Amino acid sequence: MNHGVRLRKTLDGVPAYKPGKPAAPVEGLTAYKISSNENPYPPLPSVLQVVTEAAGSMNRYPDMAVTALTDALAERWEVPTSSIATGTGSVGVLAQLINITCDPGDEVVYAWRSFEAYPIVVALAGATSVQVPLTETAEHDLSAMAAAVTDRTRLILVCTPNNPTGPSVTGAALREFLAAVPSDILVVIDEAYLEFNTAEDAPDALAIYREFPNVAVLRTFSKAYGLAGLRVGYAVAHEDVATALRKAATPFGVSMLAERAAIASLAAYDELELRVKALVQERERVLAALREQGWAVPDTQANFVWLPLGDDSVDFASSCQAQGLTLRPFPGDGVRCTIGETEANDRLIEIAQEFRQLRKSAS
Ligand SMILES: *Cc1c(COP(=O)(O)O)cnc(C)c1O
């Protein structure tokens, strides 16, 4: 007799999300978590105060339409409120995007390696991932992605800057790509790291969204805005898509605390931007130091660097772990290191140096 309930077969093919590990304490050392691309700065006092005040109303449901944040975002980006759709982090919005575009068996094209939530949300919907390998320089191969489109393709994800490797696509390459993609396929530009992108030829995704009726832009408050723990993200999309996204949202998913914090953070962006600039400066410092040591680190426009360590990835992560630095290994491929506190960055540079020397003397 079978005691198990009947679950969807598709679940067998859903990979588990491996979250960045928490920092592990090591005696005599401050432990740092640089495994989840979080903002190392604590919340701004002004934001914390708004959230603290809002906490007094947690017995009430939030505004299901997330009206105040929608208005603030529409004003900030000069788009109609009808083109904003919010969700529980941009991962929440991502799941909504797949739900509104894909029936079982439909295809979602994205670069690989890229954000590890992509294969999960695609598989959960019963859709099929079409992963297009990155180039040698860890960038999107947009022409190969265009060539991967079939009559089953319903959604294309372009992650720029790309998590976990770092490079950004250019505006020109993105426009050329969009011109080659059938206009009934939704193309989502995932800009989780937008604020860190200092490349001169970086795409102006909102301008591109205005030019192409099949483009949507995905953004989050989790990284530059430092609200990862509150779960709020959004899409800027044309009205048909945005309306569908609102239909697919978890009812009351965006909490009142998240909404208030996001509004306060938009208002305080000048202050947050100073932190973003400091992190970008640290990124450039770490990148230069690692390259100086001889590492082939790809260009990065985000708040992390990628070490293409291949089979040494797990060993390197263990060495770091032993010295109080928790980062994110992708076994057999590479290691993603978030730019964090200055001391964490210094320690990363030191360990990377030692690791290289050890490997050199061993070979
Ligand atoms: C971190 C990240 C997100 C944002 O996740 P949230 O759900 O908003 O916290 C989205 N896309 C990519 C590529 C990311 O790295």
# chains A, B, ... in the order shown; residues from 1 in each chain; ligands from 1
$ residues_near_ligand --ligand "ligand 1" --cutoff "7 Å" --atoms "only C-alpha atoms and all ligand atoms" --output "list in words"
Asn37, Thr88, Gly89, Ser90, Val91, Gly92, Phe115, Cys159, Asn162, Asn163, Asp190, Glu191, Ala192, Thr220, Phe221, Ser222, Lys223, Ala228, Arg231, Val232 and Gly233 of chain A
$ residues_around --residues "segment 284-288 of chain A" --least-positions-apart "2" --cutoff "10 Å" --atoms "only C-alpha atoms" --output "count of residues only"
27
$ atom_distance --atom1 "atom CA of Leu257 of chain A" --atom2 "atom CA of Asp270 of chain A"
21.2 Å
$ select_by_dssp --residues "segment 249-331 of chain A" --states "helix (DSSP H, G or I)" --output "number ranges by chain"
A: 256-267, 269-292, 310-322
$ closest_residue --among "A:Ala117, A:Ile84, A:Leu174, A:Ile185" --to "Leu69 of chain A" --atoms "only C-alpha atoms"
A:Ile84
$ atom_distance --atom1 "atom CA of Leu44 of chain A" --atom2 "atom CA of Tyr32 of chain A"
20.2 Å
$ atom_distance --atom1 "atom CA of Val109 of chain A" --atom2 "atom CA of Asp311 of chain A"
26.9 Å
$ closest_residue --among "A:Glu116, A:Asp201, A:Glu354, A:Glu78" --to "Thr170 of chain A" --atoms "only C-alpha atoms"
A:Asp201
$ residues_around --residues "Tyr118 of chain A" --least-positions-apart "3" --cutoff "9 Å" --atoms "only C-alpha atoms" --output "list of chain:residue names"
A:Val91, A:Leu94, A:Ala95, A:Tyr110, A:Ser114, A:Phe115, A:Val121, A:Val122, A:Ala123, A:Ser129, A:Leu157
$ closest_residue --among "A:Val66, A:Ala237, A:Ile100, A:Ala258" --to "Ile208 of chain A" --atoms "only C-alpha atoms"
A:Ala237
$ residues_around --residues "Ala72 of chain A" --least-positions-apart "6" --cutoff "12 Å" --atoms "only C-alpha atoms" --output "number ranges by chain"
A: 66, 78-81, 84, 86, 259-267
$ write_last_selection --atoms "N, CA, C and O atoms" --output "PDB file, in the first residue's frame"
ATOM      1  N   VAL A  66      -0.184  47.641  -2.557  1.00  0.00           N
ATOM      2  CA  VAL A  66       1.127  48.279  -2.338  1.00  0.00           C
ATOM      3  C   VAL A  66       1.156  49.675  -2.973  1.00  0.00           C
ATOM      4  O   VAL A  66       2.103  50.062  -3.662  1.00  0.00           O
ATOM      5  N   GLU A  78       9.743  57.802 -13.400  1.00  0.00           N
ATOM      6  CA  GLU A  78       8.951  58.509 -14.421  1.00  0.00           C
ATOM      7  C   GLU A  78       8.253  57.539 -15.371  1.00  0.00           C
ATOM      8  O   GLU A  78       8.384  57.617 -16.597  1.00  0.00           O
ATOM      9  N   VAL A  79       7.522  56.616 -14.758  1.00  0.00           N
ATOM     10  CA  VAL A  79       6.697  55.677 -15.523  1.00  0.00           C
ATOM     11  C   VAL A  79       5.302  55.707 -14.903  1.00  0.00           C
ATOM     12  O   VAL A  79       5.148  56.117 -13.747  1.00  0.00           O
ATOM     13  N   PRO A  80       4.267  55.290 -15.656  1.00  0.00           N
ATOM     14  CA  PRO A  80       2.929  55.259 -15.050  1.00  0.00           C
ATOM     15  C   PRO A  80       2.841  54.220 -13.926  1.00  0.00           C
ATOM     16  O   PRO A  80       3.562  53.210 -13.968  1.00  0.00           O
ATOM     17  N   THR A  81       2.000  54.470 -12.946  1.00  0.00           N
ATOM     18  CA  THR A  81       1.853  53.495 -11.852  1.00  0.00           C
ATOM     19  C   THR A  81       1.395  52.138 -12.396  1.00  0.00           C
ATOM     20  O   THR A  81       1.731  51.099 -11.827  1.00  0.00           O
ATOM     21  N   ILE A  84       4.103  49.381 -12.838  1.00  0.00           N
ATOM     22  CA  ILE A  84       4.887  48.857 -11.714  1.00  0.00           C
ATOM     23  C   ILE A  84       4.177  47.633 -11.126  1.00  0.00           C
ATOM     24  O   ILE A  84       2.960  47.663 -10.914  1.00  0.00           O
ATOM     25  N   THR A  86       4.936  44.893  -7.882  1.00  0.00           N
ATOM     26  CA  THR A  86       5.832  44.570  -6.771  1.00  0.00           C
ATOM     27  C   THR A  86       5.710  43.086  -6.394  1.00  0.00           C
ATOM     28  O   THR A  86       4.791  42.394  -6.827  1.00  0.00           O
ATOM     29  N   GLU A 259       7.249  47.677   2.700  1.00  0.00           N
ATOM     30  CA  GLU A 259       6.790  48.800   1.882  1.00  0.00           C
ATOM     31  C   GLU A 259       7.296  50.129   2.449  1.00  0.00           C
ATOM     32  O   GLU A 259       7.859  50.959   1.736  1.00  0.00           O
ATOM     33  N   ARG A 260       7.133  50.305   3.753  1.00  0.00           N
ATOM     34  CA  ARG A 260       7.572  51.566   4.385  1.00  0.00           C
ATOM     35  C   ARG A 260       9.083  51.731   4.262  1.00  0.00           C
ATOM     36  O   ARG A 260       9.582  52.820   4.006  1.00  0.00           O
ATOM     37  N   ALA A 261       9.805  50.627   4.492  1.00  0.00           N
ATOM     38  CA  ALA A 261      11.270  50.703   4.420  1.00  0.00           C
ATOM     39  C   ALA A 261      11.721  51.053   2.997  1.00  0.00           C
ATOM     40  O   ALA A 261      12.658  51.831   2.801  1.00  0.00           O
ATOM     41  N   ALA A 262      11.047  50.491   2.014  1.00  0.00           N
ATOM     42  CA  ALA A 262      11.418  50.755   0.615  1.00  0.00           C
ATOM     43  C   ALA A 262      11.167  52.227   0.274  1.00  0.00           C
ATOM     44  O   ALA A 262      12.010  52.872  -0.361  1.00  0.00           O
ATOM     45  N   ILE A 263      10.054  52.755   0.711  1.00  0.00           N
ATOM     46  CA  ILE A 263       9.746  54.168   0.432  1.00  0.00           C
ATOM     47  C   ILE A 263      10.778  55.070   1.114  1.00  0.00           C
ATOM     48  O   ILE A 263      11.323  55.994   0.501  1.00  0.00           O
ATOM     49  N   ALA A 264      11.084  54.761   2.375  1.00  0.00           N
ATOM     50  CA  ALA A 264      12.063  55.570   3.108  1.00  0.00           C
ATOM     51  C   ALA A 264      13.443  55.458   2.458  1.00  0.00           C
ATOM     52  O   ALA A 264      14.214  56.425   2.436  1.00  0.00           O
ATOM     53  N   SER A 265      13.754  54.288   1.902  1.00  0.00           N
ATOM     54  CA  SER A 265      15.064  54.097   1.269  1.00  0.00           C
ATOM     55  C   SER A 265      15.161  54.851  -0.054  1.00  0.00           C
ATOM     56  O   SER A 265      16.225  55.357  -0.407  1.00  0.00           O
ATOM     57  N   LEU A 266      14.059  54.894  -0.780  1.00  0.00           N
ATOM     58  CA  LEU A 266      14.057  55.694  -2.014  1.00  0.00           C
ATOM     59  C   LEU A 266      14.320  57.160  -1.658  1.00  0.00           C
ATOM     60  O   LEU A 266      15.094  57.845  -2.317  1.00  0.00           O
ATOM     61  N   ALA A 267      13.679  57.599  -0.588  1.00  0.00           N
ATOM     62  CA  ALA A 267      13.833  58.998  -0.168  1.00  0.00           C
ATOM     63  C   ALA A 267      15.251  59.282   0.317  1.00  0.00           C
ATOM     64  O   ALA A 267      15.744  60.394   0.194  1.00  0.00           O
TER      65      ALA A 267
END
$ residues_around --residues "Arg113 of chain A" --least-positions-apart "2" --cutoff "7 Å" --atoms "only C-alpha atoms" --output "list in words"
Ala111, Pro133 and Leu134 of chain A
$ closest_residue --among "A:Gly87, A:Pro104, A:Pro164, A:Gly126" --to "Thr338 of chain A" --atoms "only C-alpha atoms"
A:Pro164
$ decode --residues "segment 311-322 of chain A" --atoms "all heavy atoms" --output "compact mmCIF listing (two decimals), in the first residue's frame"
# COMPACT_ATOMS: atom_id res chain seq x y z
N ASP A 311 38.09 23.10 -10.21
CA ASP A 311 38.06 22.02 -9.21
C ASP A 311 38.61 22.44 -7.85
O ASP A 311 38.47 21.71 -6.87
CB ASP A 311 38.83 20.81 -9.73
CG ASP A 311 38.11 20.14 -10.89
OD1 ASP A 311 36.87 20.32 -10.98
OD2 ASP A 311 38.75 19.45 -11.70
N ASP A 312 39.27 23.61 -7.80
CA ASP A 312 39.80 24.08 -6.51
C ASP A 312 38.80 24.92 -5.72
O ASP A 312 39.12 25.41 -4.63
CB ASP A 312 41.05 24.95 -6.75
CG ASP A 312 42.25 24.11 -7.18
OD1 ASP A 312 42.22 22.88 -6.92
OD2 ASP A 312 43.18 24.67 -7.76
N SER A 313 37.59 25.09 -6.28
CA SER A 313 36.63 26.02 -5.67
C SER A 313 36.31 25.67 -4.21
O SER A 313 36.32 26.54 -3.34
CB SER A 313 35.33 26.05 -6.48
OG SER A 313 35.62 26.45 -7.80
N VAL A 314 36.04 24.40 -3.98
CA VAL A 314 35.64 23.99 -2.63
C VAL A 314 36.82 24.11 -1.66
O VAL A 314 36.66 24.56 -0.52
CB VAL A 314 35.05 22.57 -2.64
CG1 VAL A 314 34.79 22.07 -1.23
CG2 VAL A 314 33.74 22.56 -3.45
N ASP A 315 38.03 23.76 -2.14
CA ASP A 315 39.23 23.90 -1.30
C ASP A 315 39.45 25.35 -0.89
O ASP A 315 39.77 25.65 0.26
CB ASP A 315 40.48 23.45 -2.07
CG ASP A 315 40.67 21.95 -1.98
OD1 ASP A 315 39.83 21.29 -1.33
OD2 ASP A 315 41.65 21.45 -2.57
N PHE A 316 39.30 26.23 -1.85
CA PHE A 316 39.50 27.64 -1.57
C PHE A 316 38.48 28.13 -0.54
O PHE A 316 38.82 28.82 0.43
CB PHE A 316 39.41 28.48 -2.84
CG PHE A 316 39.66 29.94 -2.61
CD1 PHE A 316 40.96 30.41 -2.42
CD2 PHE A 316 38.62 30.86 -2.56
CE1 PHE A 316 41.20 31.76 -2.18
CE2 PHE A 316 38.85 32.21 -2.31
CZ PHE A 316 40.15 32.66 -2.13
N ALA A 317 37.23 27.72 -0.73
CA ALA A 317 36.18 28.13 0.20
C ALA A 317 36.48 27.60 1.61
O ALA A 317 36.24 28.29 2.60
CB ALA A 317 34.82 27.65 -0.29
N SER A 318 37.04 26.38 1.69
CA SER A 318 37.38 25.82 3.01
C SER A 318 38.51 26.61 3.66
O SER A 318 38.47 26.86 4.86
CB SER A 318 37.80 24.36 2.90
OG SER A 318 36.86 23.64 2.16
N SER A 319 39.52 27.00 2.86
CA SER A 319 40.61 27.81 3.41
C SER A 319 40.06 29.11 3.97
O SER A 319 40.48 29.57 5.04
CB SER A 319 41.62 28.17 2.32
OG SER A 319 42.23 27.02 1.83
N CYS A 320 39.14 29.70 3.24
CA CYS A 320 38.56 30.96 3.70
C CYS A 320 37.74 30.75 4.97
O CYS A 320 37.83 31.52 5.93
CB CYS A 320 37.68 31.57 2.60
SG CYS A 320 38.65 32.24 1.24
N GLN A 321 36.96 29.66 4.95
CA GLN A 321 36.12 29.34 6.10
C GLN A 321 36.97 29.18 7.37
O GLN A 321 36.61 29.66 8.43
CB GLN A 321 35.36 28.03 5.80
CG GLN A 321 34.30 27.67 6.79
CD GLN A 321 33.05 28.55 6.63
OE1 GLN A 321 32.75 29.02 5.54
NE2 GLN A 321 32.35 28.78 7.71
N ALA A 322 38.13 28.54 7.22
CA ALA A 322 39.02 28.32 8.36
C ALA A 322 39.55 29.64 8.90
O ALA A 322 40.03 29.71 10.03
CB ALA A 322 40.18 27.41 7.94
